[in-house]
>>> print(open('target-v4.txt').read())   # compact mmCIF, C-alpha atoms and all ligand atoms
# COMPACT_ATOMS: atom_id res chain seq x y z
CA MET A 1 -27.65 8.23 8.65
CA LYS A 2 -28.50 10.15 5.52
CA PRO A 3 -28.48 7.92 2.46
CA HIS A 4 -28.72 9.87 -0.76
CA GLY A 5 -30.96 8.35 -3.35
CA ASN A 6 -29.44 10.19 -6.22
CA ILE A 7 -26.19 8.41 -6.70
CA CYS A 8 -26.99 6.97 -10.13
CA PHE A 9 -27.73 10.36 -11.55
CA ARG A 10 -24.57 11.77 -9.99
CA VAL A 11 -22.48 9.04 -11.53
CA CYS A 12 -23.97 9.61 -14.95
CA THR A 13 -23.55 13.35 -14.94
CA SER A 14 -19.90 12.90 -14.02
CA TRP A 15 -19.55 10.31 -16.73
CA VAL A 16 -17.04 12.00 -18.96
CA PHE A 17 -17.73 10.08 -22.11
CA CYS A 18 -21.49 10.35 -22.35
CA SER A 19 -22.86 13.53 -23.74
CA GLU A 20 -26.35 12.63 -22.60
CA LYS A 21 -27.51 13.05 -19.04
CA ARG A 22 -29.20 9.87 -17.99
CA GLN A 23 -31.80 9.57 -15.32
CA LYS A 24 -31.03 5.95 -14.71
CA CYS A 25 -27.55 4.73 -14.19
CA SER A 26 -26.38 2.33 -16.83
CA PHE A 27 -22.84 3.53 -17.27
CA SER A 28 -21.32 0.07 -16.97
CA LEU A 29 -23.26 -0.84 -20.10
CA CYS A 30 -22.45 2.39 -21.84
CA SER A 31 -21.87 1.84 -25.52
CA HIS A 32 -21.19 5.46 -26.38
CA SER A 33 -18.00 5.44 -28.35
CA LEU A 34 -15.44 8.13 -28.18
CA SER A 35 -13.58 9.56 -31.11
CA LEU A 36 -9.93 8.56 -31.22
CA LYS A 37 -8.90 12.20 -31.18
CA VAL A 38 -10.56 12.76 -27.83
CA GLN A 39 -9.38 9.43 -26.45
CA SER A 40 -5.73 10.16 -27.17
CA LYS A 41 -5.95 13.30 -25.08
CA ILE A 42 -7.00 11.42 -21.97
CA MET A 43 -4.16 10.64 -19.63
CA ASN A 44 -5.29 7.96 -17.27
CA GLN A 45 -3.51 7.31 -14.00
CA ASN A 46 -5.68 4.36 -13.14
CA LEU A 47 -4.11 1.81 -15.48
CA THR A 48 -2.86 -1.61 -14.41
CA PRO A 49 0.87 -2.31 -15.04
CA GLU A 50 -0.14 -4.65 -17.89
CA GLU A 51 -2.32 -2.01 -19.53
CA ARG A 52 0.42 0.57 -19.17
CA GLU A 53 2.96 -1.79 -20.71
CA LEU A 54 0.68 -2.55 -23.65
CA ILE A 55 0.19 1.14 -24.41
CA ARG A 56 3.97 1.64 -24.25
CA LEU A 57 4.54 -1.35 -26.59
CA HIS A 58 1.88 -0.16 -29.02
CA ASN A 59 3.34 3.36 -29.16
CA ALA A 60 6.84 1.98 -29.73
CA PHE A 61 5.49 -0.30 -32.45
CA LYS A 62 3.75 2.60 -34.15
CA LYS A 63 6.93 4.66 -34.05
CA LYS A 64 8.90 1.78 -35.57
CA VAL A 65 6.37 1.31 -38.39
CA LYS A 66 6.48 5.03 -39.14
CA ALA A 67 10.29 5.04 -39.24
CA LEU A 68 10.38 2.03 -41.59
CA GLU A 69 7.75 3.69 -43.76
CA GLN A 70 9.87 6.81 -44.10
CA GLU A 71 12.88 4.73 -45.02
CA GLN A 72 10.64 2.88 -47.50
CA LYS A 73 11.58 -0.41 -45.89
CA LEU A 74 8.07 -1.46 -44.99
CA THR A 75 7.29 -4.86 -46.50
CA GLU A 76 3.66 -5.15 -45.46
CA ASP A 77 0.66 -2.98 -44.67
CA TYR A 78 0.50 -2.48 -40.92
CA GLY A 79 -2.41 -0.04 -41.18
CA PRO A 80 -5.13 -2.44 -39.97
CA HIS A 81 -2.91 -3.67 -37.11
CA LEU A 82 -2.15 -0.15 -35.96
CA ASN A 83 -5.83 0.64 -36.16
CA THR A 84 -6.68 -2.38 -33.99
CA GLY A 85 -4.01 -1.25 -31.53
CA ASP A 86 -5.37 2.29 -31.41
CA GLN A 87 -8.85 0.95 -30.74
CA LEU A 88 -7.62 -1.34 -28.00
CA VAL A 89 -5.72 1.52 -26.34
CA ALA A 90 -8.88 3.62 -26.49
CA GLN A 91 -10.84 0.73 -24.95
CA ILE A 92 -8.24 0.38 -22.18
CA GLN A 93 -8.44 4.09 -21.36
CA LEU A 94 -12.21 4.01 -21.34
CA HIS A 95 -12.30 0.94 -19.11
CA ALA A 96 -9.73 2.43 -16.73
CA LYS A 97 -11.89 5.54 -16.46
CA ASN A 98 -14.96 3.38 -15.75
CA ARG A 99 -13.00 1.50 -13.10
CA GLU A 100 -11.99 4.79 -11.50
CA ILE A 101 -15.59 6.04 -11.47
CA VAL A 102 -16.83 2.85 -9.80
CA GLN A 103 -14.05 3.08 -7.19
CA GLN A 104 -14.77 6.73 -6.46
CA ASP A 105 -18.48 5.98 -6.29
CA ARG A 106 -17.86 3.30 -3.67
CA GLU A 107 -15.61 5.63 -1.68
CA ARG A 108 -18.40 8.23 -1.69
CA LEU A 109 -20.86 5.55 -0.60
CA GLN A 110 -18.58 4.59 2.27
CA GLU A 111 -18.43 8.24 3.37
CA LEU A 112 -22.22 8.40 3.68
CA ILE A 113 -22.04 6.79 7.07
CA ARG A 114 -21.09 8.97 10.01
CA ASP A 115 -21.36 7.16 13.30
CA HIS A 116 -21.57 10.09 15.79
CA ALA A 117 -19.67 8.07 18.38
CA VAL A 118 -19.34 9.22 21.98
CA CYS A 119 -17.09 7.90 24.72
CA PRO A 120 -18.89 5.26 26.87
CA LYS A 121 -17.24 6.70 30.01
CA CYS A 122 -17.54 10.49 29.68
CA SER A 123 -20.32 10.49 27.01
CA LYS A 124 -18.45 13.13 25.03
CA ASN A 125 -16.93 13.14 21.56
CA ASN A 126 -14.50 16.05 21.70
CA GLN A 127 -11.51 13.97 22.83
CA LEU A 128 -12.11 11.03 20.52
CA LYS A 129 -9.47 9.83 18.09
CA LEU A 130 -10.26 7.31 15.38
CA ILE A 131 -7.62 4.59 15.76
CA GLY A 132 -8.88 1.90 13.40
CA THR A 133 -11.70 -0.53 12.74
CA ASP A 134 -12.87 -3.75 14.29
CA LYS A 135 -15.53 -6.40 13.74
CA SER A 136 -18.55 -6.46 16.00
CA PRO A 137 -19.81 -9.82 17.36
CA GLU A 138 -22.52 -9.59 14.65
CA GLY A 139 -19.83 -9.33 11.96
CA TRP A 140 -20.28 -5.61 11.23
CA LYS A 141 -17.25 -3.49 10.56
CA SER A 142 -17.17 -0.63 13.06
CA ASN A 143 -14.87 2.23 13.99
CA LYS A 144 -12.49 1.93 16.93
CA TYR A 145 -11.77 5.04 19.00
CA ARG A 146 -9.59 6.22 21.84
CA CYS A 147 -10.85 8.80 24.30
CA ARG A 148 -7.84 10.92 25.20
CA LYS A 149 -9.59 12.29 28.25
CA CYS A 150 -10.50 8.93 29.82
CA ASN A 151 -7.60 7.07 28.22
CA ILE A 152 -9.75 4.17 27.06
CA GLU A 153 -10.25 2.44 23.73
CA PHE A 154 -13.63 1.22 22.49
CA VAL A 155 -15.38 -0.07 19.37
CA TRP A 156 -18.50 1.93 18.49
CA ASN A 157 -21.64 -0.21 18.50
CA ALA A 158 -22.82 0.65 14.96
CA PRO A 159 -21.32 -0.15 11.55
CA ASN A 160 -19.12 2.34 9.73
CA ASN A 161 -20.26 1.41 6.21
CA PRO A 162 -23.53 1.28 4.25
CA TRP A 163 -23.26 -2.44 3.48
CA ASP A 164 -23.33 -3.46 7.14
CA MET A 165 -25.68 -0.59 7.96
CA ILE A 166 -28.49 -2.36 6.06
CA SER A 167 -28.46 -5.44 8.30
CA TYR A 168 -27.86 -3.25 11.36
CA VAL A 169 -30.96 -1.14 10.70
CA GLU A 170 -33.03 -4.21 9.76
CA LYS A 171 -32.12 -5.79 13.09
CA PHE A 172 -32.81 -2.54 14.95
CA VAL A 173 -36.26 -2.22 13.35
CA ALA A 174 -37.10 -5.90 13.98
CA ASN A 175 -36.14 -5.43 17.63
CA LEU A 176 -38.37 -2.35 18.01
CA GLU A 177 -41.28 -4.11 16.29
CA HIS A 178 -40.85 -7.08 18.59
CA LYS A 179 -40.96 -4.79 21.63
CA MET A 180 -44.12 -3.15 20.28
CA GLN A 181 -45.78 -6.54 19.82
CA GLN A 182 -44.76 -7.68 23.28
CA GLU A 183 -46.31 -4.53 24.74
CA ILE A 184 -43.14 -3.73 26.66
CA ILE A 185 -43.04 -0.13 25.52
CA ALA A 186 -44.63 2.52 27.69
CA GLU A 187 -47.86 3.95 26.25
CA GLN A 188 -46.45 7.52 26.01
CA GLU A 189 -43.42 6.28 24.01
CA LYS A 190 -45.34 4.23 21.48
CA GLU A 191 -45.97 7.04 19.05
CA GLN A 192 -42.29 8.02 19.04
CA VAL A 193 -41.20 4.41 18.48
CA LEU A 194 -43.64 3.97 15.59
CA SER A 195 -42.32 7.12 13.98
CA THR A 196 -38.72 5.90 14.42
CA ILE A 197 -39.61 2.57 12.81
CA GLU A 198 -41.24 4.34 9.88
CA GLN A 199 -38.28 6.69 9.38
CA MET A 200 -35.78 3.84 9.51
CA LYS A 201 -37.78 1.84 6.97
CA LEU A 202 -37.80 4.86 4.68
CA ASN A 203 -34.03 5.23 5.06
CA LEU A 204 -33.56 1.56 4.27
CA ALA A 205 -35.70 1.86 1.15
CA LYS A 206 -33.39 4.65 -0.04
CA LEU A 207 -30.11 3.06 0.97
CA LYS A 208 -30.70 -0.45 -0.34
CA PRO A 209 -31.06 0.34 -4.07
CA VAL A 210 -27.99 2.60 -3.94
CA VAL A 211 -25.88 -0.11 -2.32
CA ASP A 212 -27.27 -2.77 -4.69
CA ALA A 213 -26.54 -0.61 -7.73
CA SER A 214 -22.98 -0.03 -6.56
CA ASP A 215 -22.49 -3.77 -6.05
CA GLU A 216 -23.84 -4.44 -9.54
CA ASP A 217 -21.45 -1.85 -10.98
CA LEU A 218 -18.55 -3.44 -9.17
CA LYS A 219 -19.54 -6.89 -10.45
CA ALA A 220 -19.73 -5.56 -14.02
CA ILE A 221 -16.34 -3.86 -13.74
CA VAL A 222 -14.69 -7.02 -12.34
CA THR A 223 -16.10 -9.04 -15.25
CA LYS A 224 -14.88 -6.43 -17.70
CA ASP A 225 -11.48 -6.42 -15.98
CA LEU A 226 -11.07 -10.11 -16.81
CA GLU A 227 -12.11 -9.56 -20.44
CA MET A 228 -9.72 -6.64 -20.80
CA ALA A 229 -6.85 -8.56 -19.20
CA GLU A 230 -7.33 -11.33 -21.77
CA LEU A 231 -7.40 -8.86 -24.68
CA VAL A 232 -4.36 -7.02 -23.36
CA ASN A 233 -2.44 -10.25 -22.96
CA LYS A 234 -3.31 -11.42 -26.49
CA PHE A 235 -2.32 -8.15 -28.10
CA ARG A 236 0.87 -7.94 -26.05
CA LYS A 237 1.94 -11.35 -27.40
CA TYR A 238 1.13 -10.23 -30.94
CA LEU A 239 3.15 -7.03 -30.57
CA LEU A 240 6.16 -8.88 -29.16
CA ILE A 241 6.09 -11.35 -32.08
CA GLU A 242 5.78 -8.52 -34.62
CA LYS A 243 8.64 -6.66 -32.96
CA ILE A 244 10.91 -9.70 -33.32
CA ARG A 245 9.80 -10.21 -36.92
CA MET A 246 10.64 -6.59 -37.74
CA GLU A 247 14.06 -6.80 -36.17
CA ASP A 248 14.95 -9.90 -38.21
ZN ZN B 1 -14.09 9.74 27.59
>>> encode(input="target-v4.txt", output="structure tokens")
Amino acid sequence: MKPHGNICFRVCTSWVFCSEKRQKCSFSLCSHSLSLKVQSKIMNQNLTPEERELIRLHNAFKKKVKALEQEQKLTEDYGPHLNTGDQLVAQIQLHAKNREIVQQDRERLQELIRDHAVCPKCSKNNQLKLIGTDKSPEGWKSNKYRCRKCNIEFVWNAPNNPWDMISYVEKFVANLEHKMQQEIIAEQEKEQVLSTIEQMKLNLAKLKPVVDASDEDLKAIVTKDLEMAELVNKFRKYLLIEKIRMED
């Protein structure tokens, strides 16, 4: 297990909208605004169907206003409305990008854990095939393998993700400490066990803040998702009403 303690910095340096490099991750609270010119160049694939539809409606609305303007048939000033629409589209794109970054960040976090499984029968790993995941009796999500040599299936006895890895290591350390207290560890092994305990505690101290920060980011993005959905829905209704009014 090699948790990297640098994830916040990595996220911020890959943060496309901030020109500053930040030592501490606060991208979910980022207030750096982006000029409309730059925003319009960003094609985002990570939009929800509702967001995509709103952008389509807004663009169609803009086109219609422009056409009416050229024909000098425009009866009111749509400038402020178009401006609001442009800003909302920019906000949608920015939020979608944030959402993508948080998702990618969590995927990277998931990939931190390599379980180094070996077959319980032949004790080798060269014929193993990952066939899925399963829950351990403790509730951890673990990888399920098939050994093609021995033709058996088994669930590896360690978690396959950093979230469950925290409680797994905590339990492992507590178990070792208990054994040390009970004096059931041979004298010559004590030093090695103490060093293992220390190393595992260090790993935990690195892993925990990274996992916590990712969970906080996810929480912030879910909250923002709800806010954006409400805004998108409101503006969609407005655009549909305006469209009907124009056609009358
Ligand atoms: Zn085997």
>>> closest_residue(input="target-v4.txt", among="A:Lys224, A:Lys124, A:Lys219, A:Arg56", to="ligand ZN 1 (chain B)", atoms="all atoms listed in the file")
A:Lys124
>>> residues_near_ligand(input="target-v4.txt", ligand="ligand ZN 1 (chain B)", cutoff="8 Å", atoms="all atoms listed in the file", output="VMD selection string")
chain A and resid 118 to 125 127 to 128 147 to 152
>>> closest_residue(input="target-v4.txt", among="A:Pro49, A:Asp86, A:Lys171, A:Ile92", to="Met228 in chain A", atoms="only C-alpha atoms")
A:Ile92
>>> closest_residue(input="target-v4.txt", among="A:Gln91, A:Thr196, A:Thr84, A:Ser214", to="Glu227 in chain A", atoms="only C-alpha atoms")
A:Gln91
>>> atom_distance(input="target-v4.txt", atom1="CA of Asp105 in chain A", atom2="CA of Asp217 in chain A")
9.6 Å
>>> residues_around(input="target-v4.txt", residues="Pro162 in chain A", least_positions_apart="2", cutoff="12 Å", atoms="all atoms listed in the file", output="JSON list (two decimals) with C-alpha atoms, in the frame of the given file")
[["chain", "number", "residue", "atom", "x", "y", "z"],
["A", 1, "MET", "CA", -27.65, 8.23, 8.65],
["A", 2, "LYS", "CA", -28.50, 10.15, 5.52],
["A", 3, "PRO", "CA", -28.48, 7.92, 2.46],
["A", 4, "HIS", "CA", -28.72, 9.87, -0.76],
["A", 106, "ARG", "CA", -17.86, 3.30, -3.67],
["A", 107, "GLU", "CA", -15.61, 5.63, -1.68],
["A", 108, "ARG", "CA", -18.40, 8.23, -1.69],
["A", 109, "LEU", "CA", -20.86, 5.55, -0.60],
["A", 110, "GLN", "CA", -18.58, 4.59, 2.27],
["A", 111, "GLU", "CA", -18.43, 8.24, 3.37],
["A", 112, "LEU", "CA", -22.22, 8.40, 3.68],
["A", 113, "ILE", "CA", -22.04, 6.79, 7.07],
["A", 114, "ARG", "CA", -21.09, 8.97, 10.01],
["A", 115, "ASP", "CA", -21.36, 7.16, 13.30],
["A", 140, "TRP", "CA", -20.28, -5.61, 11.23],
["A", 141, "LYS", "CA", -17.25, -3.49, 10.56],
["A", 142, "SER", "CA", -17.17, -0.63, 13.06],
["A", 158, "ALA", "CA", -22.82, 0.65, 14.96],
["A", 159, "PRO", "CA", -21.32, -0.15, 11.55],
["A", 160, "ASN", "CA", -19.12, 2.34, 9.73],
["A", 164, "ASP", "CA", -23.33, -3.46, 7.14],
["A", 165, "MET", "CA", -25.68, -0.59, 7.96],
["A", 166, "ILE", "CA", -28.49, -2.36, 6.06],
["A", 167, "SER", "CA", -28.46, -5.44, 8.30],
["A", 168, "TYR", "CA", -27.86, -3.25, 11.36],
["A", 169, "VAL", "CA", -30.96, -1.14, 10.70],
["A", 203, "ASN", "CA", -34.03, 5.23, 5.06],
["A", 204, "LEU", "CA", -33.56, 1.56, 4.27],
["A", 206, "LYS", "CA", -33.39, 4.65, -0.04],
["A", 207, "LEU", "CA", -30.11, 3.06, 0.97],
["A", 208, "LYS", "CA", -30.70, -0.45, -0.34],
["A", 209, "PRO", "CA", -31.06, 0.34, -4.07],
["A", 210, "VAL", "CA", -27.99, 2.60, -3.94],
["A", 211, "VAL", "CA", -25.88, -0.11, -2.32],
["A", 212, "ASP", "CA", -27.27, -2.77, -4.69],
["A", 214, "SER", "CA", -22.98, -0.03, -6.56],
["A", 215, "ASP", "CA", -22.49, -3.77, -6.05]]
>>> closest_residue(input="target-v4.txt", among="A:Asn157, A:Thr48, A:Ala213, A:Ala117", to="His95 in chain A", atoms="all atoms listed in the file")
A:Thr48
>>> closest_residue(input="target-v4.txt", among="A:Ile101, A:Ile55, A:Met246, A:Ile221", to="Gln87 in chain A", atoms="all atoms listed in the file")
A:Ile55
>>> atom_distance(input="target-v4.txt", atom1="CA of Lys129 in chain A", atom2="CA of Glu170 in chain A")
28.7 Å
>>> closest_residue(input="target-v4.txt", among="A:Lys179, A:Val222, A:Trp163, A:His116", to="Asn143 in chain A", atoms="only C-alpha atoms")
A:His116
>>> atom_distance(input="target-v4.txt", atom1="CA of Val89 in chain A", atom2="CA of Thr75 in chain A")
24.8 Å
>>> residues_around(input="target-v4.txt", residues="Leu240 in chain A", least_positions_apart="5", cutoff="12 Å", atoms="all atoms listed in the file", output="PyMOL selection string")
chain A and resi 53-54+56-58+60-61+233-235+245-247
>>> write_last_selection(input="target-v4.txt", atoms="C-alpha atoms", output="PDB file, in the coordinates of the input")
ATOM      1  CA  GLU A  53       2.960  -1.790 -20.710  1.00  0.00           C
ATOM      2  CA  LEU A  54       0.680  -2.550 -23.650  1.00  0.00           C
ATOM      3  CA  ARG A  56       3.970   1.640 -24.250  1.00  0.00           C
ATOM      4  CA  LEU A  57       4.540  -1.350 -26.590  1.00  0.00           C
ATOM      5  CA  HIS A  58       1.880  -0.160 -29.020  1.00  0.00           C
ATOM      6  CA  ALA A  60       6.840   1.980 -29.730  1.00  0.00           C
ATOM      7  CA  PHE A  61       5.490  -0.300 -32.450  1.00  0.00           C
ATOM      8  CA  ASN A 233      -2.440 -10.250 -22.960  1.00  0.00           C
ATOM      9  CA  LYS A 234      -3.310 -11.420 -26.490  1.00  0.00           C
ATOM     10  CA  PHE A 235      -2.320  -8.150 -28.100  1.00  0.00           C
ATOM     11  CA  ARG A 245       9.800 -10.210 -36.920  1.00  0.00           C
ATOM     12  CA  MET A 246      10.640  -6.590 -37.740  1.00  0.00           C
ATOM     13  CA  GLU A 247      14.060  -6.800 -36.170  1.00  0.00           C
TER      14      GLU A 247
END
>>> decode(input="target-v4.txt", residues="range 134-158 of chain A", atoms="N, CA and C atoms", output="mmCIF file, in the first residue's frame")
data_model
loop_
_atom_site.group_PDB
_atom_site.id
_atom_site.type_symbol
_atom_site.label_atom_id
_atom_site.label_comp_id
_atom_site.auth_asym_id
_atom_site.auth_seq_id
_atom_site.Cartn_x
_atom_site.Cartn_y
_atom_site.Cartn_z
ATOM 1 N N ASP A 134 -16.227 -8.823 -4.254
ATOM 2 C CA ASP A 134 -17.158 -9.411 -3.283
ATOM 3 C C ASP A 134 -16.978 -8.706 -1.947
ATOM 4 N N LYS A 135 -17.951 -8.881 -1.064
ATOM 5 C CA LYS A 135 -17.839 -8.266 0.264
ATOM 6 C C LYS A 135 -17.282 -9.269 1.246
ATOM 7 N N SER A 136 -16.333 -8.823 2.056
ATOM 8 C CA SER A 136 -15.777 -9.704 3.077
ATOM 9 C C SER A 136 -16.762 -9.744 4.247
ATOM 10 N N PRO A 137 -16.618 -10.733 5.159
ATOM 11 C CA PRO A 137 -17.520 -10.770 6.325
ATOM 12 C C PRO A 137 -17.477 -9.453 7.115
ATOM 13 N N GLU A 138 -16.357 -8.740 7.060
ATOM 14 C CA GLU A 138 -16.228 -7.463 7.788
ATOM 15 C C GLU A 138 -16.906 -6.316 7.045
ATOM 16 N N GLY A 139 -17.344 -6.584 5.808
ATOM 17 C CA GLY A 139 -18.008 -5.532 5.032
ATOM 18 C C GLY A 139 -17.085 -4.814 4.073
ATOM 19 N N TRP A 140 -15.829 -5.273 3.945
ATOM 20 C CA TRP A 140 -14.898 -4.629 3.017
ATOM 21 C C TRP A 140 -15.143 -5.139 1.614
ATOM 22 N N LYS A 141 -14.947 -4.271 0.651
ATOM 23 C CA LYS A 141 -15.050 -4.696 -0.740
ATOM 24 C C LYS A 141 -13.684 -5.218 -1.191
ATOM 25 N N SER A 142 -13.659 -6.453 -1.652
ATOM 26 C CA SER A 142 -12.388 -7.074 -2.035
ATOM 27 C C SER A 142 -12.475 -7.664 -3.435
ATOM 28 N N ASN A 143 -11.308 -7.906 -4.025
ATOM 29 C CA ASN A 143 -11.265 -8.496 -5.366
ATOM 30 C C ASN A 143 -11.477 -10.005 -5.313
ATOM 31 N N LYS A 144 -12.144 -10.502 -6.368
ATOM 32 C CA LYS A 144 -12.384 -11.938 -6.484
ATOM 33 C C LYS A 144 -11.570 -12.448 -7.679
ATOM 34 N N TYR A 145 -10.853 -13.543 -7.472
ATOM 35 C CA TYR A 145 -9.965 -14.063 -8.513
ATOM 36 C C TYR A 145 -10.284 -15.516 -8.839
ATOM 37 N N ARG A 146 -9.785 -15.911 -10.025
ATOM 38 C CA ARG A 146 -9.806 -17.332 -10.380
ATOM 39 C C ARG A 146 -8.379 -17.733 -10.702
ATOM 40 N N CYS A 147 -7.935 -18.830 -10.128
ATOM 41 C CA CYS A 147 -6.606 -19.338 -10.480
ATOM 42 C C CYS A 147 -6.816 -20.363 -11.592
ATOM 43 N N ARG A 148 -6.269 -20.044 -12.766
ATOM 44 C CA ARG A 148 -6.482 -20.917 -13.925
ATOM 45 C C ARG A 148 -5.707 -22.224 -13.800
ATOM 46 N N LYS A 149 -4.681 -22.188 -12.988
ATOM 47 C CA LYS A 149 -3.875 -23.406 -12.806
ATOM 48 C C LYS A 149 -4.623 -24.400 -11.904
ATOM 49 N N CYS A 150 -5.114 -23.890 -10.764
ATOM 50 C CA CYS A 150 -5.781 -24.766 -9.792
ATOM 51 C C CYS A 150 -7.285 -24.872 -10.042
ATOM 52 N N ASN A 151 -7.783 -24.032 -10.941
ATOM 53 C CA ASN A 151 -9.207 -23.985 -11.244
ATOM 54 C C ASN A 151 -10.075 -23.747 -9.994
ATOM 55 N N ILE A 152 -9.672 -22.763 -9.213
ATOM 56 C CA ILE A 152 -10.487 -22.388 -8.047
ATOM 57 C C ILE A 152 -10.746 -20.881 -8.072
ATOM 58 N N GLU A 153 -11.820 -20.502 -7.399
ATOM 59 C CA GLU A 153 -12.137 -19.076 -7.249
ATOM 60 C C GLU A 153 -11.983 -18.710 -5.781
ATOM 61 N N PHE A 154 -11.506 -17.491 -5.526
ATOM 62 C CA PHE A 154 -11.376 -17.057 -4.125
ATOM 63 C C PHE A 154 -11.481 -15.530 -4.033
ATOM 64 N N VAL A 155 -11.877 -15.064 -2.846
ATOM 65 C CA VAL A 155 -11.929 -13.619 -2.579
ATOM 66 C C VAL A 155 -10.699 -13.280 -1.751
ATOM 67 N N TRP A 156 -9.911 -12.302 -2.221
ATOM 68 C CA TRP A 156 -8.673 -11.944 -1.504
ATOM 69 C C TRP A 156 -9.037 -11.308 -0.166
ATOM 70 N N ASN A 157 -8.209 -11.607 0.852
ATOM 71 C CA ASN A 157 -8.584 -11.221 2.217
ATOM 72 C C ASN A 157 -8.162 -9.799 2.601
ATOM 73 N N ALA A 158 -8.086 -8.906 1.644
ATOM 74 C CA ALA A 158 -7.805 -7.481 1.959
ATOM 75 C C ALA A 158 -8.664 -6.623 1.026
#
